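Shown here: coords_21.pdb, PDB, N, CA and C atoms.
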```
ATOM      1  N   MET V   1      95.358 -58.635-140.605
ATOM      2  CA  MET V   1      95.008 -59.987-140.232
ATOM      3  C   MET V   1      94.761 -60.031-138.724
ATOM      4  N   ALA V   2      93.627 -60.577-138.308
ATOM      5  CA  ALA V   2      93.266 -60.647-136.895
ATOM      6  C   ALA V   2      94.249 -61.521-136.123
ATOM      7  N   VAL V   3      94.528 -61.089-134.891
ATOM      8  CA  VAL V   3      95.448 -61.796-134.001
ATOM      9  C   VAL V   3      94.692 -62.154-132.730
ATOM     10  N   THR V   4      94.774 -63.415-132.337
ATOM     11  CA  THR V   4      94.187 -63.864-131.076
ATOM     12  C   THR V   4      95.292 -64.405-130.188
ATOM     13  N   VAL V   5      95.283 -63.961-128.939
ATOM     14  CA  VAL V   5      96.261 -64.414-127.961
ATOM     15  C   VAL V   5      95.494 -65.094-126.840
ATOM     16  N   ASN V   6      95.816 -66.354-126.599
ATOM     17  CA  ASN V   6      95.263 -67.081-125.455
ATOM     18  C   ASN V   6      96.300 -67.009-124.346
ATOM     19  N   ILE V   7      95.904 -66.445-123.227
ATOM     20  CA  ILE V   7      96.807 -66.331-122.088
ATOM     21  C   ILE V   7      96.241 -67.166-120.953
ATOM     22  N   TYR V   8      97.035 -68.127-120.499
ATOM     23  CA  TYR V   8      96.666 -68.973-119.366
ATOM     24  C   TYR V   8      97.364 -68.400-118.139
ATOM     25  N   TYR V   9      96.587 -67.842-117.215
ATOM     26  CA  TYR V   9      97.110 -67.331-115.957
ATOM     27  C   TYR V   9      96.974 -68.434-114.915
ATOM     28  N   THR V  10      98.071 -68.753-114.239
ATOM     29  CA  THR V  10      98.048 -69.800-113.228
ATOM     30  C   THR V  10      98.636 -69.270-111.926
ATOM     31  N   GLY V  11      97.959 -69.600-110.833
ATOM     32  CA  GLY V  11      98.410 -69.190-109.516
ATOM     33  C   GLY V  11      98.089 -70.268-108.501
ATOM     34  N   VAL V  12      97.978 -69.871-107.258
ATOM     35  CA  VAL V  12      97.598 -70.779-106.168
ATOM     36  C   VAL V  12      96.482 -70.129-105.365
ATOM     37  N   ASN V  13      95.771 -70.943-104.607
ATOM     38  CA  ASN V  13      94.725 -70.466-103.693
ATOM     39  C   ASN V  13      93.669 -69.605-104.383
ATOM     40  N   GLY V  14      93.348 -69.944-105.631
ATOM     41  CA  GLY V  14      92.309 -69.213-106.346
ATOM     42  C   GLY V  14      92.730 -67.850-106.862
ATOM     43  N   ASN V  15      94.026 -67.554-106.851
ATOM     44  CA  ASN V  15      94.483 -66.219-107.234
ATOM     45  C   ASN V  15      94.222 -65.878-108.697
ATOM     46  N   ALA V  16      94.258 -66.853-109.589
ATOM     47  CA  ALA V  16      93.995 -66.560-111.003
ATOM     48  C   ALA V  16      92.559 -66.082-111.180
ATOM     49  N   ARG V  17      91.649 -66.732-110.512
ATOM     50  CA  ARG V  17      90.243 -66.316-110.608
ATOM     51  C   ARG V  17      90.045 -64.948-109.950
ATOM     52  N   LYS V  18      90.704 -64.714-108.818
ATOM     53  CA  LYS V  18      90.611 -63.408-108.151
ATOM     54  C   LYS V  18      91.132 -62.301-109.061
ATOM     55  N   PHE V  19      92.221 -62.586-109.781
ATOM     56  CA  PHE V  19      92.769 -61.634-110.737
ATOM     57  C   PHE V  19      91.727 -61.287-111.807
ATOM     58  N   ALA V  20      91.128 -62.311-112.410
ATOM     59  CA  ALA V  20      90.126 -62.084-113.462
ATOM     60  C   ALA V  20      88.941 -61.304-112.905
ATOM     61  N   GLU V  21      88.501 -61.660-111.708
ATOM     62  CA  GLU V  21      87.375 -60.955-111.099
ATOM     63  C   GLU V  21      87.711 -59.480-110.860
ATOM     64  N   GLU V  22      88.933 -59.195-110.432
ATOM     65  CA  GLU V  22      89.323 -57.803-110.205
ATOM     66  C   GLU V  22      89.479 -57.049-111.527
ATOM     67  N   MET V  23      89.964 -57.729-112.566
ATOM     68  CA  MET V  23      90.057 -57.099-113.886
ATOM     69  C   MET V  23      88.662 -56.649-114.346
ATOM     70  N   VAL V  24      87.660 -57.471-114.075
ATOM     71  CA  VAL V  24      86.290 -57.138-114.480
ATOM     72  C   VAL V  24      85.700 -56.079-113.554
ATOM     73  N   SER V  25      85.778 -56.293-112.240
ATOM     74  CA  SER V  25      85.137 -55.376-111.288
ATOM     75  C   SER V  25      85.766 -53.986-111.290
ATOM     76  N   SER V  26      87.045 -53.893-111.610
ATOM     77  CA  SER V  26      87.722 -52.592-111.639
ATOM     78  C   SER V  26      87.427 -51.807-112.915
ATOM     79  N   GLY V  27      86.849 -52.483-113.905
ATOM     80  CA  GLY V  27      86.550 -51.824-115.169
ATOM     81  C   GLY V  27      87.658 -51.924-116.204
ATOM     82  N   ILE V  28      88.793 -52.516-115.834
ATOM     83  CA  ILE V  28      89.908 -52.625-116.783
ATOM     84  C   ILE V  28      89.503 -53.468-117.990
ATOM     85  N   ALA V  29      88.815 -54.569-117.758
ATOM     86  CA  ALA V  29      88.402 -55.435-118.873
ATOM     87  C   ALA V  29      87.508 -54.674-119.848
ATOM     88  N   ASP V  30      86.561 -53.908-119.326
ATOM     89  CA  ASP V  30      85.687 -53.117-120.197
ATOM     90  C   ASP V  30      86.468 -52.040-120.949
ATOM     91  N   ASP V  31      87.441 -51.434-120.269
ATOM     92  CA  ASP V  31      88.266 -50.426-120.937
ATOM     93  C   ASP V  31      89.027 -51.040-122.112
ATOM     94  N   ILE V  32      89.522 -52.247-121.941
ATOM     95  CA  ILE V  32      90.234 -52.930-123.023
ATOM     96  C   ILE V  32      89.265 -53.241-124.158
ATOM     97  N   ARG V  33      88.082 -53.727-123.813
ATOM     98  CA  ARG V  33      87.073 -54.028-124.843
ATOM     99  C   ARG V  33      86.696 -52.787-125.654
ATOM    100  N   ASP V  34      86.796 -51.613-125.026
ATOM    101  CA  ASP V  34      86.446 -50.365-125.695
ATOM    102  C   ASP V  34      87.571 -49.811-126.568
ATOM    103  N   GLU V  35      88.767 -50.387-126.467
ATOM    104  CA  GLU V  35      89.887 -49.899-127.274
ATOM    105  C   GLU V  35      89.640 -50.181-128.752
ATOM    106  N   GLU V  36      90.069 -49.231-129.577
ATOM    107  CA  GLU V  36      89.947 -49.422-131.022
ATOM    108  C   GLU V  36      90.759 -50.650-131.445
ATOM    109  N   GLY V  37      90.121 -51.520-132.200
ATOM    110  CA  GLY V  37      90.794 -52.710-132.698
ATOM    111  C   GLY V  37      90.551 -53.961-131.877
ATOM    112  N   ASN V  38      89.981 -53.806-130.664
ATOM    113  CA  ASN V  38      89.704 -55.000-129.872
ATOM    114  C   ASN V  38      88.469 -55.714-130.414
ATOM    115  N   ILE V  39      88.594 -57.006-130.592
ATOM    116  CA  ILE V  39      87.494 -57.835-131.075
ATOM    117  C   ILE V  39      86.873 -58.617-129.922
ATOM    118  N   ARG V  40      87.726 -59.126-129.034
ATOM    119  CA  ARG V  40      87.236 -59.966-127.938
ATOM    120  C   ARG V  40      88.222 -59.912-126.782
ATOM    121  N   TYR V  41      87.674 -59.840-125.573
ATOM    122  CA  TYR V  41      88.468 -59.882-124.359
ATOM    123  C   TYR V  41      87.600 -60.587-123.335
ATOM    124  N   GLU V  42      87.870 -61.876-123.113
ATOM    125  CA  GLU V  42      86.949 -62.679-122.309
ATOM    126  C   GLU V  42      87.708 -63.747-121.522
ATOM    127  N   TYR V  43      87.299 -63.930-120.270
ATOM    128  CA  TYR V  43      87.917 -64.913-119.382
ATOM    129  C   TYR V  43      87.091 -66.196-119.332
ATOM    130  N   PHE V  44      87.803 -67.333-119.226
ATOM    131  CA  PHE V  44      87.182 -68.647-119.100
ATOM    132  C   PHE V  44      87.903 -69.423-118.006
ATOM    133  N   PHE V  45      87.195 -70.375-117.415
ATOM    134  CA  PHE V  45      87.742 -71.155-116.312
ATOM    135  C   PHE V  45      87.768 -72.636-116.681
ATOM    136  N   PRO V  46      88.964 -73.222-116.893
ATOM    137  CA  PRO V  46      89.049 -74.642-117.245
ATOM    138  C   PRO V  46      88.478 -75.526-116.131
ATOM    139  N   MET V  47      87.679 -76.477-116.521
ATOM    140  CA  MET V  47      87.028 -77.362-115.547
ATOM    141  C   MET V  47      88.034 -78.226-114.786
ATOM    142  N   GLU V  48      89.088 -78.654-115.451
ATOM    143  CA  GLU V  48      90.029 -79.590-114.837
ATOM    144  C   GLU V  48      91.131 -78.910-114.030
ATOM    145  N   ASP V  49      91.229 -77.608-114.105
ATOM    146  CA  ASP V  49      92.323 -76.896-113.433
ATOM    147  C   ASP V  49      91.758 -75.665-112.732
ATOM    148  N   LYS V  50      91.483 -75.795-111.473
ATOM    149  CA  LYS V  50      90.855 -74.714-110.695
ATOM    150  C   LYS V  50      91.807 -73.542-110.422
ATOM    151  N   GLU V  51      93.097 -73.713-110.714
ATOM    152  CA  GLU V  51      94.080 -72.663-110.445
ATOM    153  C   GLU V  51      94.491 -71.897-111.704
ATOM    154  N   THR V  52      93.778 -72.124-112.803
ATOM    155  CA  THR V  52      94.105 -71.466-114.064
ATOM    156  C   THR V  52      92.887 -70.747-114.622
ATOM    157  N   VAL V  53      93.146 -69.600-115.241
ATOM    158  CA  VAL V  53      92.137 -68.835-115.958
ATOM    159  C   VAL V  53      92.667 -68.640-117.376
ATOM    160  N   LEU V  54      91.783 -68.808-118.352
ATOM    161  CA  LEU V  54      92.137 -68.566-119.746
ATOM    162  C   LEU V  54      91.546 -67.230-120.185
ATOM    163  N   LEU V  55      92.393 -66.371-120.735
ATOM    164  CA  LEU V  55      91.956 -65.131-121.346
ATOM    165  C   LEU V  55      92.065 -65.290-122.858
ATOM    166  N   ILE V  56      90.964 -65.053-123.569
ATOM    167  CA  ILE V  56      90.993 -64.996-125.025
ATOM    168  C   ILE V  56      90.936 -63.517-125.393
ATOM    169  N   ASP V  57      92.008 -63.051-126.019
ATOM    170  CA  ASP V  57      92.211 -61.638-126.313
ATOM    171  C   ASP V  57      92.442 -61.499-127.815
ATOM    172  N   SER V  58      91.474 -60.948-128.554
ATOM    173  CA  SER V  58      91.567 -60.859-130.014
ATOM    174  C   SER V  58      91.585 -59.411-130.479
ATOM    175  N   TRP V  59      92.393 -59.158-131.511
ATOM    176  CA  TRP V  59      92.589 -57.819-132.053
ATOM    177  C   TRP V  59      92.502 -57.855-133.566
ATOM    178  N   GLN V  60      92.102 -56.730-134.159
ATOM    179  CA  GLN V  60      91.952 -56.648-135.613
ATOM    180  C   GLN V  60      93.259 -56.930-136.336
ATOM    181  N   ASP V  61      94.365 -56.481-135.748
ATOM    182  CA  ASP V  61      95.665 -56.669-136.390
ATOM    183  C   ASP V  61      96.768 -56.445-135.350
ATOM    184  N   GLN V  62      98.004 -56.713-135.753
ATOM    185  CA  GLN V  62      99.142 -56.550-134.845
ATOM    186  C   GLN V  62      99.298 -55.097-134.408
ATOM    187  N   HIS V  63      99.035 -54.167-135.292
ATOM    188  CA  HIS V  63      99.150 -52.751-134.955
ATOM    189  C   HIS V  63      98.228 -52.390-133.780
ATOM    190  N   SER V  64      96.993 -52.853-133.817
ATOM    191  CA  SER V  64      96.048 -52.597-132.714
ATOM    192  C   SER V  64      96.561 -53.189-131.411
ATOM    193  N   LEU V  65      97.118 -54.370-131.473
ATOM    194  CA  LEU V  65      97.666 -55.018-130.275
ATOM    195  C   LEU V  65      98.879 -54.245-129.760
ATOM    196  N   ASP V  66      99.738 -53.779-130.677
ATOM    197  CA  ASP V  66     100.906 -52.991-130.271
ATOM    198  C   ASP V  66     100.484 -51.706-129.571
ATOM    199  N   ILE V  67      99.453 -51.043-130.084
ATOM    200  CA  ILE V  67      98.952 -49.820-129.448
ATOM    201  C   ILE V  67      98.439 -50.134-128.045
ATOM    202  N   HIS V  68      97.704 -51.230-127.913
ATOM    203  CA  HIS V  68      97.207 -51.658-126.594
ATOM    204  C   HIS V  68      98.371 -51.881-125.629
ATOM    205  N   HIS V  69      99.404 -52.564-126.104
ATOM    206  CA  HIS V  69     100.558 -52.852-125.233
ATOM    207  C   HIS V  69     101.295 -51.586-124.797
ATOM    208  N   ALA V  70     101.141 -50.499-125.545
ATOM    209  CA  ALA V  70     101.816 -49.241-125.211
ATOM    210  C   ALA V  70     100.991 -48.343-124.297
ATOM    211  N   THR V  71      99.782 -48.764-123.922
ATOM    212  CA  THR V  71      98.925 -47.923-123.085
ATOM    213  C   THR V  71      99.328 -48.015-121.612
ATOM    214  N   PRO V  72      99.017 -46.979-120.830
ATOM    215  CA  PRO V  72      99.268 -47.025-119.384
ATOM    216  C   PRO V  72      98.493 -48.154-118.698
ATOM    217  N   MET V  73      97.443 -48.635-119.339
ATOM    218  CA  MET V  73      96.644 -49.720-118.768
ATOM    219  C   MET V  73      97.495 -50.978-118.532
ATOM    220  N   MET V  74      98.506 -51.175-119.365
ATOM    221  CA  MET V  74      99.354 -52.366-119.218
ATOM    222  C   MET V  74     100.064 -52.381-117.866
ATOM    223  N   GLU V  75     100.405 -51.209-117.342
ATOM    224  CA  GLU V  75     101.031 -51.142-116.024
ATOM    225  C   GLU V  75     100.051 -51.610-114.951
ATOM    226  N   LYS V  76      98.786 -51.238-115.067
ATOM    227  CA  LYS V  76      97.770 -51.702-114.115
ATOM    228  C   LYS V  76      97.641 -53.220-114.169
ATOM    229  N   ILE V  77      97.626 -53.762-115.378
ATOM    230  CA  ILE V  77      97.502 -55.213-115.543
ATOM    231  C   ILE V  77      98.716 -55.908-114.935
ATOM    232  N   THR V  78      99.906 -55.375-115.194
ATOM    233  CA  THR V  78     101.132 -55.955-114.645
ATOM    234  C   THR V  78     101.098 -55.928-113.120
ATOM    235  N   GLN V  79     100.645 -54.828-112.546
ATOM    236  CA  GLN V  79     100.554 -54.727-111.081
ATOM    237  C   GLN V  79      99.600 -55.776-110.518
ATOM    238  N   LEU V  80      98.469 -55.996-111.181
ATOM    239  CA  LEU V  80      97.522 -57.013-110.707
ATOM    240  C   LEU V  80      98.108 -58.415-110.833
ATOM    241  N   ARG V  81      98.806 -58.690-111.920
ATOM    242  CA  ARG V  81      99.450 -60.006-112.073
ATOM    243  C   ARG V  81     100.443 -60.238-110.948
ATOM    244  N   GLU V  82     101.204 -59.205-110.620
ATOM    245  CA  GLU V  82     102.171 -59.331-109.524
ATOM    246  C   GLU V  82     101.465 -59.475-108.180
ATOM    247  N   LYS V  83     100.403 -58.717-107.976
ATOM    248  CA  LYS V  83      99.625 -58.801-106.730
ATOM    249  C   LYS V  83      99.173 -60.234-106.463
ATOM    250  N   TYR V  84      98.743 -60.925-107.526
ATOM    251  CA  TYR V  84      98.234 -62.290-107.381
ATOM    252  C   TYR V  84      99.285 -63.346-107.702
ATOM    253  N   ASP V  85     100.536 -62.930-107.950
ATOM    254  CA  ASP V  85     101.670 -63.828-108.197
ATOM    255  C   ASP V  85     101.340 -64.873-109.266
ATOM    256  N   LEU V  86     100.940 -64.387-110.427
ATOM    257  CA  LEU V  86     100.511 -65.282-111.502
ATOM    258  C   LEU V  86     101.642 -65.567-112.479
ATOM    259  N   HIS V  87     101.612 -66.773-113.010
ATOM    260  CA  HIS V  87     102.512 -67.189-114.080
ATOM    261  C   HIS V  87     101.668 -67.318-115.344
ATOM    262  N   MET V  88     102.310 -67.135-116.487
ATOM    263  CA  MET V  88     101.553 -67.097-117.740
ATOM    264  C   MET V  88     102.129 -68.074-118.764
ATOM    265  N   ARG V  89     101.212 -68.648-119.529
ATOM    266  CA  ARG V  89     101.556 -69.414-120.729
ATOM    267  C   ARG V  89     100.753 -68.775-121.850
ATOM    268  N   VAL V  90     101.404 -68.502-122.973
ATOM    269  CA  VAL V  90     100.764 -67.749-124.051
ATOM    270  C   VAL V  90     100.770 -68.541-125.348
ATOM    271  N   GLU V  91      99.630 -68.543-126.024
ATOM    272  CA  GLU V  91      99.491 -69.102-127.368
ATOM    273  C   GLU V  91      99.009 -67.968-128.265
ATOM    274  N   ARG V  92      99.535 -67.935-129.465
ATOM    275  CA  ARG V  92      99.185 -66.854-130.397
ATOM    276  C   ARG V  92      98.682 -67.465-131.698
ATOM    277  N   TYR V  93      97.566 -66.914-132.212
ATOM    278  CA  TYR V  93      96.943 -67.423-133.431
ATOM    279  C   TYR V  93      96.604 -66.255-134.352
ATOM    280  N   THR V  94      96.634 -66.523-135.650
ATOM    281  CA  THR V  94      96.164 -65.555-136.625
ATOM    282  C   THR V  94      94.987 -66.167-137.360
ATOM    283  N   LEU V  95      94.116 -65.313-137.850
ATOM    284  CA  LEU V  95      92.893 -65.749-138.512
ATOM    285  C   LEU V  95      93.204 -66.446-139.827
ATOM    286  N   ASP V  96      92.596 -67.601-140.029
ATOM    287  CA  ASP V  96      92.677 -68.315-141.303
ATOM    288  C   ASP V  96      91.614 -67.715-142.206
ATOM    289  N   GLU V  97      92.050 -66.900-143.144
ATOM    290  CA  GLU V  97      91.131 -66.173-144.013
ATOM    291  C   GLU V  97      90.306 -67.083-144.922
ATOM    292  N   SER V  98      90.708 -68.332-145.056
ATOM    293  CA  SER V  98      89.989 -69.240-145.959
ATOM    294  C   SER V  98      88.679 -69.743-145.363
ATOM    295  N   GLY V  99      88.475 -69.538-144.066
ATOM    296  CA  GLY V  99      87.223 -69.954-143.439
ATOM    297  C   GLY V  99      87.232 -71.420-143.029
ATOM    298  N   ILE V 100      86.074 -71.915-142.649
ATOM    299  CA  ILE V 100      85.926 -73.289-142.173
ATOM    300  C   ILE V 100      85.840 -74.225-143.381
ATOM    301  N   PRO V 101      86.693 -75.248-143.436
ATOM    302  CA  PRO V 101      86.639 -76.189-144.566
ATOM    303  C   PRO V 101      85.297 -76.924-144.615
ATOM    304  N   GLU V 102      84.858 -77.236-145.809
ATOM    305  CA  GLU V 102      83.599 -77.956-146.000
ATOM    306  C   GLU V 102      83.588 -79.253-145.205
ATOM    307  N   SER V 103      84.725 -79.939-145.130
ATOM    308  CA  SER V 103      84.786 -81.211-144.400
ATOM    309  C   SER V 103      84.507 -81.054-142.918
ATOM    310  N   ASP V 104      84.753 -79.874-142.359
ATOM    311  CA  ASP V 104      84.486 -79.621-140.939
ATOM    312  C   ASP V 104      83.044 -79.177-140.692
ATOM    313  N   LYS V 105      82.404 -78.619-141.681
ATOM    314  CA  LYS V 105      81.060 -78.080-141.501
ATOM    315  C   LYS V 105      80.044 -79.148-141.131
ATOM    316  N   ASN V 106      80.300 -80.410-141.467
ATOM    317  CA  ASN V 106      79.393 -81.498-141.096
ATOM    318  C   ASN V 106      79.287 -81.680-139.582
ATOM    319  N   PHE V 107      80.279 -81.176-138.851
ATOM    320  CA  PHE V 107      80.330 -81.370-137.414
ATOM    321  C   PHE V 107      79.898 -80.130-136.624
ATOM    322  N   ILE V 108      79.412 -79.121-137.315
ATOM    323  CA  ILE V 108      79.055 -77.858-136.684
ATOM    324  C   ILE V 108      77.554 -77.631-136.812
ATOM    325  N   LYS V 109      76.910 -77.464-135.674
ATOM    326  CA  LYS V 109      75.483 -77.126-135.668
ATOM    327  C   LYS V 109      75.365 -75.640-135.373
ATOM    328  N   GLU V 110      74.758 -74.916-136.283
ATOM    329  CA  GLU V 110      74.620 -73.467-136.089
ATOM    330  C   GLU V 110      73.240 -73.125-135.582
TER     331      GLU V 110
END
```

Target format structure tokens, applied to this file:
Amino acid sequence: MAVTVNIYYTGVNGNARKFAEEMVSSGIADDIRDEEGNIRYEYFFPMEDKETVLLIDSWQDQHSLDIHHATPMMEKITQLREKYDLHMRVERYTLDESGIPESDKNFIKE
């Protein structure tokens, strides 16, 4: 079952955005995207909160996520979080295998 983790990184003085930019420019984000089992690894910037960055991180299953967490790459990520003094709020979701209900499809333009 697919697992998606939304991580909200919050800092001061633009540090959350600097963190995301360094994750991308250093190649760490691409390395994570290349890991077996990764479905999505993408940063977003909330319009109402300039000091927060949202990471949407999706994996095929918990096993894939556990393997990712055991990689040496996690130490690099931890060091960058500390460098930018970021705090985190985490939301975790699993895929609803039943799909989008018919009642919701009226509101979706594909």

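Evaluated against this file, the PyMOL selection byres ((chain V and resi 61) around 6.5) yields Met1, Ala2, Val3, Gly37, Trp59, Gln60, Gln62, His63, Ser64, Leu65 and Asp66 of chain V.
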
Write the residues you've just listed into a file as a PDB file, keeping the file's coordinate frame, and include N, CA and C atoms for each of them.
```
ATOM      1  N   MET V   1      95.358 -58.635-140.605  1.00  0.00           N
ATOM      2  CA  MET V   1      95.008 -59.987-140.232  1.00  0.00           C
ATOM      3  C   MET V   1      94.761 -60.031-138.724  1.00  0.00           C
ATOM      4  N   ALA V   2      93.627 -60.577-138.308  1.00  0.00           N
ATOM      5  CA  ALA V   2      93.266 -60.647-136.895  1.00  0.00           C
ATOM      6  C   ALA V   2      94.249 -61.521-136.123  1.00  0.00           C
ATOM      7  N   VAL V   3      94.528 -61.089-134.891  1.00  0.00           N
ATOM      8  CA  VAL V   3      95.448 -61.796-134.001  1.00  0.00           C
ATOM      9  C   VAL V   3      94.692 -62.154-132.730  1.00  0.00           C
ATOM     10  N   GLY V  37      90.121 -51.520-132.200  1.00  0.00           N
ATOM     11  CA  GLY V  37      90.794 -52.710-132.698  1.00  0.00           C
ATOM     12  C   GLY V  37      90.551 -53.961-131.877  1.00  0.00           C
ATOM     13  N   TRP V  59      92.393 -59.158-131.511  1.00  0.00           N
ATOM     14  CA  TRP V  59      92.589 -57.819-132.053  1.00  0.00           C
ATOM     15  C   TRP V  59      92.502 -57.855-133.566  1.00  0.00           C
ATOM     16  N   GLN V  60      92.102 -56.730-134.159  1.00  0.00           N
ATOM     17  CA  GLN V  60      91.952 -56.648-135.613  1.00  0.00           C
ATOM     18  C   GLN V  60      93.259 -56.930-136.336  1.00  0.00           C
ATOM     19  N   GLN V  62      98.004 -56.713-135.753  1.00  0.00           N
ATOM     20  CA  GLN V  62      99.142 -56.550-134.845  1.00  0.00           C
ATOM     21  C   GLN V  62      99.298 -55.097-134.408  1.00  0.00           C
ATOM     22  N   HIS V  63      99.035 -54.167-135.292  1.00  0.00           N
ATOM     23  CA  HIS V  63      99.150 -52.751-134.955  1.00  0.00           C
ATOM     24  C   HIS V  63      98.228 -52.390-133.780  1.00  0.00           C
ATOM     25  N   SER V  64      96.993 -52.853-133.817  1.00  0.00           N
ATOM     26  CA  SER V  64      96.048 -52.597-132.714  1.00  0.00           C
ATOM     27  C   SER V  64      96.561 -53.189-131.411  1.00  0.00           C
ATOM     28  N   LEU V  65      97.118 -54.370-131.473  1.00  0.00           N
ATOM     29  CA  LEU V  65      97.666 -55.018-130.275  1.00  0.00           C
ATOM     30  C   LEU V  65      98.879 -54.245-129.760  1.00  0.00           C
ATOM     31  N   ASP V  66      99.738 -53.779-130.677  1.00  0.00           N
ATOM     32  CA  ASP V  66     100.906 -52.991-130.271  1.00  0.00           C
ATOM     33  C   ASP V  66     100.484 -51.706-129.571  1.00  0.00           C
TER      34      ASP V  66
END
```

Pick from V:Lys109, V:His68, V:Lys76, V:Lys18 nearest to Glu36 of chain V, counting only C-alpha atoms:
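Closest to Glu36 of chain V of all the choices is V:His68.
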
So what do you get for atom N of Ala70 of chain V versus atom N of Gly99 of chain V, distance-wise?
29.4 Å

Within 6 Å of Met88 of chain V, counting all atoms listed in the file, which residues qualify if same-chain residues fewer than 6 places away don't, as a PDB file with N, CA and C atoms, in the frame of the given file?
```
ATOM      1  N   TYR V   8      97.035 -68.127-120.499  1.00  0.00           N
ATOM      2  CA  TYR V   8      96.666 -68.973-119.366  1.00  0.00           C
ATOM      3  C   TYR V   8      97.364 -68.400-118.139  1.00  0.00           C
ATOM      4  N   TYR V   9      96.587 -67.842-117.215  1.00  0.00           N
ATOM      5  CA  TYR V   9      97.110 -67.331-115.957  1.00  0.00           C
ATOM      6  C   TYR V   9      96.974 -68.434-114.915  1.00  0.00           C
ATOM      7  N   THR V  10      98.071 -68.753-114.239  1.00  0.00           N
ATOM      8  CA  THR V  10      98.048 -69.800-113.228  1.00  0.00           C
ATOM      9  C   THR V  10      98.636 -69.270-111.926  1.00  0.00           C
TER      10      THR V  10
END
```

Could you expand the PyMOL selection byres (((chain V and resi 31 and name CA) around 12) and name CA) into the explicit residues it covers here, written as a VMD selection string?
chain V and resid 23 to 30 32 to 36 38 40 to 41 68 71 to 74 76 to 77

Atom pair atom CA of Asp57 of chain V / atom CA of Leu95 of chain V: separation (Å):
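Result for atom CA of Asp57 of chain V versus atom CA of Leu95 of chain V: 12.9 Å, one decimal.
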
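Proximity ranking of V:Glu91, V:Glu82, V:Glu51, V:Glu42 relative to Gly14 of chain V places V:Glu51 first, based on all atoms listed in the file.
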
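Reported to one decimal place, the separation of atom C of Thr94 of chain V from atom C of Thr52 of chain V is 23.3 Å.
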
Could you expand the PyMOL selection byres ((chain V and resi 44) around 5) into the explicit residues it covers here, written as an MDAnalysis selection string?
chainID V and resid 42:43 45:46 53:55

Residues of the last selection are to be written out with N, CA and C atoms, as a PDB file, in the frame of the given file.
```
ATOM      1  N   GLU V  42      87.870 -61.876-123.113  1.00  0.00           N
ATOM      2  CA  GLU V  42      86.949 -62.679-122.309  1.00  0.00           C
ATOM      3  C   GLU V  42      87.708 -63.747-121.522  1.00  0.00           C
ATOM      4  N   TYR V  43      87.299 -63.930-120.270  1.00  0.00           N
ATOM      5  CA  TYR V  43      87.917 -64.913-119.382  1.00  0.00           C
ATOM      6  C   TYR V  43      87.091 -66.196-119.332  1.00  0.00           C
ATOM      7  N   PHE V  45      87.195 -70.375-117.415  1.00  0.00           N
ATOM      8  CA  PHE V  45      87.742 -71.155-116.312  1.00  0.00           C
ATOM      9  C   PHE V  45      87.768 -72.636-116.681  1.00  0.00           C
ATOM     10  N   PRO V  46      88.964 -73.222-116.893  1.00  0.00           N
ATOM     11  CA  PRO V  46      89.049 -74.642-117.245  1.00  0.00           C
ATOM     12  C   PRO V  46      88.478 -75.526-116.131  1.00  0.00           C
ATOM     13  N   VAL V  53      93.146 -69.600-115.241  1.00  0.00           N
ATOM     14  CA  VAL V  53      92.137 -68.835-115.958  1.00  0.00           C
ATOM     15  C   VAL V  53      92.667 -68.640-117.376  1.00  0.00           C
ATOM     16  N   LEU V  54      91.783 -68.808-118.352  1.00  0.00           N
ATOM     17  CA  LEU V  54      92.137 -68.566-119.746  1.00  0.00           C
ATOM     18  C   LEU V  54      91.546 -67.230-120.185  1.00  0.00           C
ATOM     19  N   LEU V  55      92.393 -66.371-120.735  1.00  0.00           N
ATOM     20  CA  LEU V  55      91.956 -65.131-121.346  1.00  0.00           C
ATOM     21  C   LEU V  55      92.065 -65.290-122.858  1.00  0.00           C
TER      22      LEU V  55
END
```

Picked from chain V by DSSP as alpha helix (DSSP H), as a ChimeraX atom specification
/V:15-25,28-33,62-69,73-83,102-105

Determine which residues of chain V receive a DSSP assignment of strand (DSSP E), computed from the backbone, and state them as a ChimeraX atom specification.
/V:3-10,38-44,52-59,87-94
